[in-house]
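The data block below is protein.tsv; it holds TSV, C-alpha atoms and all ligand atoms.
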chain	number	residue	atom	x	y	z
P	1	MET	CA	284.68	17.48	127.61
P	2	PRO	CA	283.72	18.44	124.02
P	3	SER	CA	280.73	16.55	122.62
P	4	PHE	CA	280.91	14.54	119.39
P	5	THR	CA	280.53	16.68	116.26
P	6	PRO	CA	278.53	14.95	113.49
P	7	ASP	CA	279.79	15.07	109.88
P	8	SER	CA	276.88	17.35	108.91
P	9	GLN	CA	278.32	20.13	111.13
P	10	LEU	CA	281.84	19.93	109.72
P	11	ASP	CA	283.65	21.38	106.71
P	12	LEU	CA	285.10	18.15	105.24
P	13	LEU	CA	287.95	17.47	102.81
P	14	PHE	CA	285.92	15.07	100.64
P	15	SER	CA	282.56	13.31	100.56
P	16	PRO	CA	282.12	10.93	103.54
P	17	GLU	CA	280.29	8.57	101.17
P	18	LEU	CA	283.67	7.56	99.72
P	19	ILE	CA	284.50	5.76	102.98
P	20	PRO	CA	283.11	2.20	102.72
P	21	ALA	CA	280.28	1.48	105.19
P	22	SER	CA	281.70	-2.03	105.59
P	23	VAL	CA	284.95	-0.62	107.04
P	24	LYS	CA	283.11	1.82	109.35
P	25	ALA	CA	280.96	-1.05	110.62
P	26	GLU	CA	284.08	-2.88	111.86
P	27	LEU	CA	285.07	0.00	114.19
P	28	GLY	CA	283.88	-0.14	117.78
P	29	SER	CA	280.66	1.80	118.52
P	30	ASP	CA	282.83	4.32	120.42
P	31	LEU	CA	284.62	5.28	117.21
P	32	HIS	CA	283.75	7.09	113.96
P	33	MET	CA	285.67	7.31	110.68
P	34	ARG	CA	285.28	10.42	108.52
P	35	PRO	CA	287.19	12.72	106.14
P	36	LEU	CA	289.53	15.30	107.69
P	37	ALA	CA	287.69	18.46	108.80
P	38	LYS	CA	288.92	22.04	108.57
P	39	THR	CA	288.76	22.36	112.37
P	40	ASP	CA	290.62	19.12	113.19
P	41	ILE	CA	293.61	21.02	114.54
P	42	THR	CA	291.40	21.36	117.66
P	43	ARG	CA	290.89	17.56	117.81
P	44	SER	CA	294.50	16.40	118.33
P	45	HIS	CA	295.26	15.83	114.64
P	46	LEU	CA	298.85	17.05	115.03
P	47	SER	CA	299.39	15.23	118.31
P	48	VAL	CA	298.33	11.90	116.72
P	49	LEU	CA	300.69	12.53	113.79
P	50	SER	CA	303.55	13.10	116.24
P	51	VAL	CA	303.78	9.31	116.88
P	52	LEU	CA	304.97	9.13	113.27
P	53	THR	CA	307.45	11.99	112.96
P	54	THR	CA	308.27	15.50	114.14
P	55	THR	CA	305.05	17.53	113.94
P	56	PRO	CA	305.55	21.10	115.18
P	57	ASP	CA	302.50	23.13	116.22
P	58	LEU	CA	300.72	25.19	113.56
P	59	THR	CA	298.51	28.22	113.93
P	60	VAL	CA	294.85	27.76	113.03
P	61	ALA	CA	295.44	29.99	109.98
P	62	GLN	CA	298.36	27.83	108.79
P	63	TYR	CA	296.33	24.66	109.30
P	64	GLU	CA	293.35	26.03	107.39
P	65	GLN	CA	295.60	27.22	104.57
P	66	ALA	CA	297.01	23.70	104.16
P	67	PHE	CA	293.51	22.20	104.32
P	68	ASN	CA	292.29	24.61	101.63
P	69	ALA	CA	295.31	23.79	99.44
P	70	LEU	CA	294.46	20.07	99.60
P	71	ARG	CA	290.79	20.67	98.89
P	72	ALA	CA	291.59	22.91	95.92
P	73	CYS	CA	292.82	19.77	94.07
P	74	PRO	CA	289.64	17.80	93.44
P	75	ASN	CA	289.78	13.97	93.54
P	76	THR	CA	293.44	14.05	94.59
P	77	TYR	CA	293.91	14.24	98.37
P	78	PHE	CA	292.01	11.95	100.72
P	79	THR	CA	292.91	12.25	104.40
P	80	LEU	CA	290.67	10.45	106.85
P	81	VAL	CA	290.49	10.30	110.61
P	82	ILE	CA	289.07	8.06	113.32
P	83	VAL	CA	287.38	10.05	116.09
P	84	ASN	CA	286.62	8.89	119.62
P	85	ARG	CA	282.90	9.73	120.01
P	86	GLY	CA	283.30	10.20	123.77
P	87	THR	CA	285.99	12.88	123.57
P	88	ASP	CA	285.54	14.19	119.98
P	89	GLN	CA	289.31	13.74	119.65
P	90	ILE	CA	291.17	12.04	116.79
P	91	VAL	CA	292.83	8.69	117.56
P	92	GLY	CA	293.88	7.55	114.08
P	93	VAL	CA	294.73	9.18	110.74
P	94	GLY	CA	295.89	8.31	107.24
P	95	SER	CA	296.04	9.71	103.71
P	96	VAL	CA	296.05	8.55	100.13
P	97	PHE	CA	296.80	10.88	97.24
P	98	ILE	CA	296.03	10.03	93.65
P	99	GLU	CA	298.72	10.39	90.99
P	100	GLN	CA	297.62	10.82	87.37
P	101	LYS	CA	300.01	9.08	84.95
P	102	PHE	CA	300.53	9.27	81.18
P	103	THR	CA	301.56	5.59	81.11
P	104	ARG	CA	299.21	2.59	81.23
P	105	GLY	CA	296.57	4.43	79.20
P	106	LEU	CA	296.35	7.34	81.64
P	107	GLY	CA	296.60	5.06	84.67
P	108	LYS	CA	296.34	6.32	88.23
P	109	VAL	CA	298.30	5.27	91.32
P	110	GLY	CA	297.26	5.75	94.96
P	111	HIS	CA	300.06	6.72	97.36
P	112	ILE	CA	299.36	5.98	101.03
P	113	GLU	CA	301.05	8.39	103.46
P	114	ASP	CA	301.16	9.38	107.11
P	115	ILE	CA	299.41	6.52	108.86
P	116	ALA	CA	299.31	7.04	112.62
P	117	VAL	CA	297.33	5.64	115.54
P	118	ASP	CA	297.45	7.20	119.00
P	119	LYS	CA	299.65	5.09	121.31
P	120	SER	CA	296.77	4.37	123.69
P	121	MET	CA	294.71	2.91	120.82
P	122	GLN	CA	297.33	0.86	118.98
P	123	GLY	CA	296.59	-2.85	118.60
P	124	ARG	CA	292.82	-2.36	118.18
P	125	LYS	CA	292.93	-2.81	114.38
P	126	LEU	CA	292.49	0.92	113.77
P	127	GLY	CA	295.58	1.02	111.54
P	128	LEU	CA	294.14	-1.88	109.54
P	129	ARG	CA	290.78	-0.08	109.15
P	130	VAL	CA	292.50	3.12	107.99
P	131	ILE	CA	294.44	1.14	105.35
P	132	GLN	CA	291.32	-0.74	104.24
P	133	ALA	CA	289.40	2.52	103.78
P	134	LEU	CA	292.25	4.27	101.95
P	135	SER	CA	292.82	1.26	99.66
P	136	ALA	CA	289.10	1.21	98.81
P	137	ILE	CA	289.15	4.94	98.00
P	138	SER	CA	292.21	4.37	95.81
P	139	GLU	CA	290.58	1.46	93.97
P	140	ASN	CA	287.22	3.22	93.61
P	141	THR	CA	288.97	6.32	92.23
P	142	GLY	CA	290.31	4.12	89.42
P	143	CYS	CA	293.86	3.43	90.62
P	144	TYR	CA	295.43	0.24	89.26
P	145	LYS	CA	297.64	-0.06	92.37
P	146	THR	CA	298.16	1.43	95.82
P	147	ILE	CA	301.70	1.83	97.14
P	148	LEU	CA	303.52	3.13	100.22
P	149	ASN	CA	306.94	3.36	101.86
P	150	CYS	CA	307.59	2.07	105.36
P	151	SER	CA	310.34	1.08	107.79
P	152	ASP	CA	311.36	-2.59	108.15
P	153	LYS	CA	309.56	-2.78	111.50
P	154	ASN	CA	306.22	-1.92	109.89
P	155	ILE	CA	306.51	-4.50	107.09
P	156	PRO	CA	304.54	-7.16	109.07
P	157	PHE	CA	301.73	-4.64	109.68
P	158	TYR	CA	301.39	-3.83	105.98
P	159	GLN	CA	301.59	-7.51	105.06
P	160	LYS	CA	298.65	-8.11	107.41
P	161	CYS	CA	296.88	-5.32	105.50
P	162	GLY	CA	297.38	-7.23	102.21
P	163	PHE	CA	300.48	-5.44	100.85
P	164	GLU	CA	303.60	-7.17	99.53
P	165	LYS	CA	307.20	-5.98	99.43
P	166	LYS	CA	308.24	-4.62	96.00
P	167	GLU	CA	311.39	-2.87	94.80
P	168	ASN	CA	313.27	-0.28	96.90
P	169	GLU	CA	312.76	3.21	98.24
P	170	MET	CA	315.28	5.96	97.37
P	171	ALA	CA	315.35	9.29	99.20
P	172	ARG	CA	317.19	12.59	99.03
P	173	TYR	CA	316.56	15.01	101.87
P	174	HIS	CA	316.58	18.82	101.39
K	201	LIG	N1	304.88	-5.76	113.80
K	201	LIG	C1	304.15	-6.89	113.60
K	201	LIG	N2	302.78	-6.87	113.49
K	201	LIG	C2	302.15	-5.70	113.63
K	201	LIG	C3	302.84	-4.47	113.86
K	201	LIG	C4	304.27	-4.54	113.93
K	201	LIG	N3	305.02	-3.43	114.11
K	201	LIG	N4	301.95	-3.47	113.97
K	201	LIG	C5	300.73	-4.04	113.80
K	201	LIG	N5	300.86	-5.38	113.59
K	201	LIG	C6	299.81	-6.36	113.35
K	201	LIG	C7	298.83	-6.45	114.51
K	201	LIG	O1	299.30	-7.33	115.49
K	201	LIG	C8	297.58	-6.95	113.79
K	201	LIG	O2	297.73	-8.33	113.55
K	201	LIG	P1	296.52	-9.39	113.79
K	201	LIG	O3	295.50	-9.07	112.73
K	201	LIG	O4	297.16	-10.70	113.60
K	201	LIG	O5	296.02	-9.14	115.16
K	201	LIG	C9	297.63	-6.24	112.44
K	201	LIG	O6	299.02	-5.92	112.23
K	201	LIG	C10	296.81	-4.97	112.41
K	201	LIG	O7	297.31	-4.11	113.43
K	201	LIG	P2	296.50	-2.86	113.98
K	201	LIG	O8	295.92	-3.16	115.32
K	201	LIG	O9	295.56	-2.37	112.93
K	201	LIG	O10	297.70	-1.83	114.16
K	201	LIG	P3	297.62	-0.39	114.84
K	201	LIG	O11	296.24	0.12	114.94
K	201	LIG	O12	298.43	-0.44	116.08
K	201	LIG	O13	298.38	0.52	113.75
K	201	LIG	C11	300.51	1.45	113.10
K	201	LIG	C12	299.64	0.17	113.26
K	201	LIG	C13	299.77	2.45	112.20
K	201	LIG	C14	301.84	1.06	112.48
K	201	LIG	C15	300.68	2.05	114.53
K	201	LIG	O14	301.39	1.16	115.33
K	201	LIG	C16	301.41	3.41	114.54
K	201	LIG	O15	300.77	4.45	114.49
K	201	LIG	N6	302.75	3.38	114.64
K	201	LIG	C17	303.56	4.61	114.72
K	201	LIG	C18	303.53	5.39	113.42
K	201	LIG	C19	303.93	4.57	112.21
K	201	LIG	O16	304.94	3.86	112.21
K	201	LIG	N7	303.09	4.65	111.14
K	201	LIG	C20	303.29	3.96	109.86
K	201	LIG	C21	304.29	4.71	109.02
K	201	LIG	S1	304.39	4.13	107.34
K	201	LIG	C22	303.31	5.12	106.46
K	201	LIG	O17	302.75	6.05	106.98
K	201	LIG	C23	303.02	4.77	105.00
Reformat the file's structure so that it appears as structure tokens.
Ligand code: ACO
Amino acid sequence: MPSFTPDSQLDLLFSPELIPASVKAELGSDLHMRPLAKTDITRSHLSVLSVLTTTPDLTVAQYEQAFNALRACPNTYFTLVIVNRGTDQIVGVGSVFIEQKFTRGLGKVGHIEDIAVDKSMQGRKLGLRVIQALSAISENTGCYKTILNCSDKNIPFYQKCGFEKKENEMARYH
């Protein structure tokens, strides 16, 4: 079984210091929260995302290209993961990306996307911790609000995370 890889040995998407220590402290001692790493395709990242939507396999080169594209936009993309220290595999993920506006005196908005917790770990408050960390990153980056879209069945989860229902989502698929 692979041994736990500390942050210092990983190529990370953003500074781990942006993840609040208070949120990390609420995870069990068997778990660790950190920014996405360039090698996380080897730690079940795509398999965890597949509880959310269709997530076809990628080659390592494709994965690294996407990672590099995110990292090339400083202070914009924040994807974090929860890793099981025993297996070095990912059990929870989530992202927030920061939108720069021209309204509200150059206001910024945080958009939460792609929250997923491995089936075997659901109900252990990992989803809540991911949302708490992403909301803190959004607020600390200067966003005046953090928003997301979700299905009706996930509304109670996001309400428990402190969100309220606002307006409607419109979509056009291509
Ligand atoms: N209905 C009612 N309450 C819920 C639900 C639900 N569907 N899901 C969680 N809760 C409650 C929990 O009971 C808990 O309440 P408590 O504090 O009273 O005990 C609270 O919300 C926090 O729950 P967590 O344990 O943190 O939830 P979990 O770790 O299981 O993660 C998640 C929730 C992310 C929705 C998970 O079930 C999952 O991965 N689902 C499949 C993928 C998905 O739907 N992701 C969200 C898509 S929306 C988006 O990405 C913006």
Between P:Pro6, P:Gly86, P:Gly127, P:Gly94, which residue has the minimum interatomic distance to Asp114 in chain P, considering all atoms listed in the file?
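Checking each candidate against Asp114 in chain P, we get P:Gly94 as the closest.
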Contacts of range 79-83 of chain P at 9 Å or less, counting all atoms listed in the file, minus same-chain residues fewer than 3 places along, as a short mmCIF file (atom, residue, chain, number, x, y, z; two decimals) with C-alpha atoms, keeping the file's coordinate frame?
data_model
loop_
_atom_site.label_atom_id
_atom_site.label_comp_id
_atom_site.auth_asym_id
_atom_site.auth_seq_id
_atom_site.Cartn_x
_atom_site.Cartn_y
_atom_site.Cartn_z
CA PHE P 4 280.91 14.54 119.39
CA LEU P 13 287.95 17.47 102.81
CA PHE P 14 285.92 15.07 100.64
CA ILE P 19 284.50 5.76 102.98
CA ASP P 30 282.83 4.32 120.42
CA LEU P 31 284.62 5.28 117.21
CA HIS P 32 283.75 7.09 113.96
CA MET P 33 285.67 7.31 110.68
CA ARG P 34 285.28 10.42 108.52
CA PRO P 35 287.19 12.72 106.14
CA LEU P 36 289.53 15.30 107.69
CA ALA P 37 287.69 18.46 108.80
CA ARG P 43 290.89 17.56 117.81
CA HIS P 45 295.26 15.83 114.64
CA GLY P 86 283.30 10.20 123.77
CA THR P 87 285.99 12.88 123.57
CA ASP P 88 285.54 14.19 119.98
CA GLN P 89 289.31 13.74 119.65
CA ILE P 90 291.17 12.04 116.79
CA VAL P 91 292.83 8.69 117.56
CA GLY P 92 293.88 7.55 114.08
CA VAL P 93 294.73 9.18 110.74
CA GLY P 94 295.89 8.31 107.24
CA SER P 95 296.04 9.71 103.71
CA VAL P 96 296.05 8.55 100.13
CA PHE P 97 296.80 10.88 97.24
CA VAL P 117 297.33 5.64 115.54
CA LEU P 126 292.49 0.92 113.77
CA VAL P 130 292.50 3.12 107.99
CA ALA P 133 289.40 2.52 103.78
CA LEU P 134 292.25 4.27 101.95
#
Would you name the residues within 10 Å of ligand LIG 201 (chain K), counting all atoms listed in the file, and put them as a PyMOL selection string?
chain P and resi 48-53+91-96+111-132+147-161
Could the residues in this selection be written to a file with C-alpha atoms, as a short mmCIF file (atom, residue, chain, number, x, y, z; two decimals), keeping the file's coordinate frame?
data_model
loop_
_atom_site.label_atom_id
_atom_site.label_comp_id
_atom_site.auth_asym_id
_atom_site.auth_seq_id
_atom_site.Cartn_x
_atom_site.Cartn_y
_atom_site.Cartn_z
CA VAL P 48 298.33 11.90 116.72
CA LEU P 49 300.69 12.53 113.79
CA SER P 50 303.55 13.10 116.24
CA VAL P 51 303.78 9.31 116.88
CA LEU P 52 304.97 9.13 113.27
CA THR P 53 307.45 11.99 112.96
CA VAL P 91 292.83 8.69 117.56
CA GLY P 92 293.88 7.55 114.08
CA VAL P 93 294.73 9.18 110.74
CA GLY P 94 295.89 8.31 107.24
CA SER P 95 296.04 9.71 103.71
CA VAL P 96 296.05 8.55 100.13
CA HIS P 111 300.06 6.72 97.36
CA ILE P 112 299.36 5.98 101.03
CA GLU P 113 301.05 8.39 103.46
CA ASP P 114 301.16 9.38 107.11
CA ILE P 115 299.41 6.52 108.86
CA ALA P 116 299.31 7.04 112.62
CA VAL P 117 297.33 5.64 115.54
CA ASP P 118 297.45 7.20 119.00
CA LYS P 119 299.65 5.09 121.31
CA SER P 120 296.77 4.37 123.69
CA MET P 121 294.71 2.91 120.82
CA GLN P 122 297.33 0.86 118.98
CA GLY P 123 296.59 -2.85 118.60
CA ARG P 124 292.82 -2.36 118.18
CA LYS P 125 292.93 -2.81 114.38
CA LEU P 126 292.49 0.92 113.77
CA GLY P 127 295.58 1.02 111.54
CA LEU P 128 294.14 -1.88 109.54
CA ARG P 129 290.78 -0.08 109.15
CA VAL P 130 292.50 3.12 107.99
CA ILE P 131 294.44 1.14 105.35
CA GLN P 132 291.32 -0.74 104.24
CA ILE P 147 301.70 1.83 97.14
CA LEU P 148 303.52 3.13 100.22
CA ASN P 149 306.94 3.36 101.86
CA CYS P 150 307.59 2.07 105.36
CA SER P 151 310.34 1.08 107.79
CA ASP P 152 311.36 -2.59 108.15
CA LYS P 153 309.56 -2.78 111.50
CA ASN P 154 306.22 -1.92 109.89
CA ILE P 155 306.51 -4.50 107.09
CA PRO P 156 304.54 -7.16 109.07
CA PHE P 157 301.73 -4.64 109.68
CA TYR P 158 301.39 -3.83 105.98
CA GLN P 159 301.59 -7.51 105.06
CA LYS P 160 298.65 -8.11 107.41
CA CYS P 161 296.88 -5.32 105.50
#
Check the smallest atom-to-atom distance from each of P:Val23, P:Pro74, P:Glu17, P:Cys143 to Leu106 in chain P using all atoms listed in the file, then report the winner.
P:Cys143
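When the distance limit is 10 Å and all atoms listed in the file are what count, the residues near Thr39 in chain P, minus those fewer than 3 positions from it on the same chain, are Leu10, Asp11, Leu12, Leu36, Thr42, Arg43, His45, Val60, Tyr63, Glu64 and Phe67 of chain P.
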In terms of the shortest atom-to-atom distance over all atoms listed in the file, which of P:Ser135, P:Arg71, P:Gly142, P:Asp57 is closest to Gly105 in chain P?
P:Gly142
To one decimal place, how far is CA of Ser29 in chain P from CA of Arg85 in chain P in Å?
8.4 Å
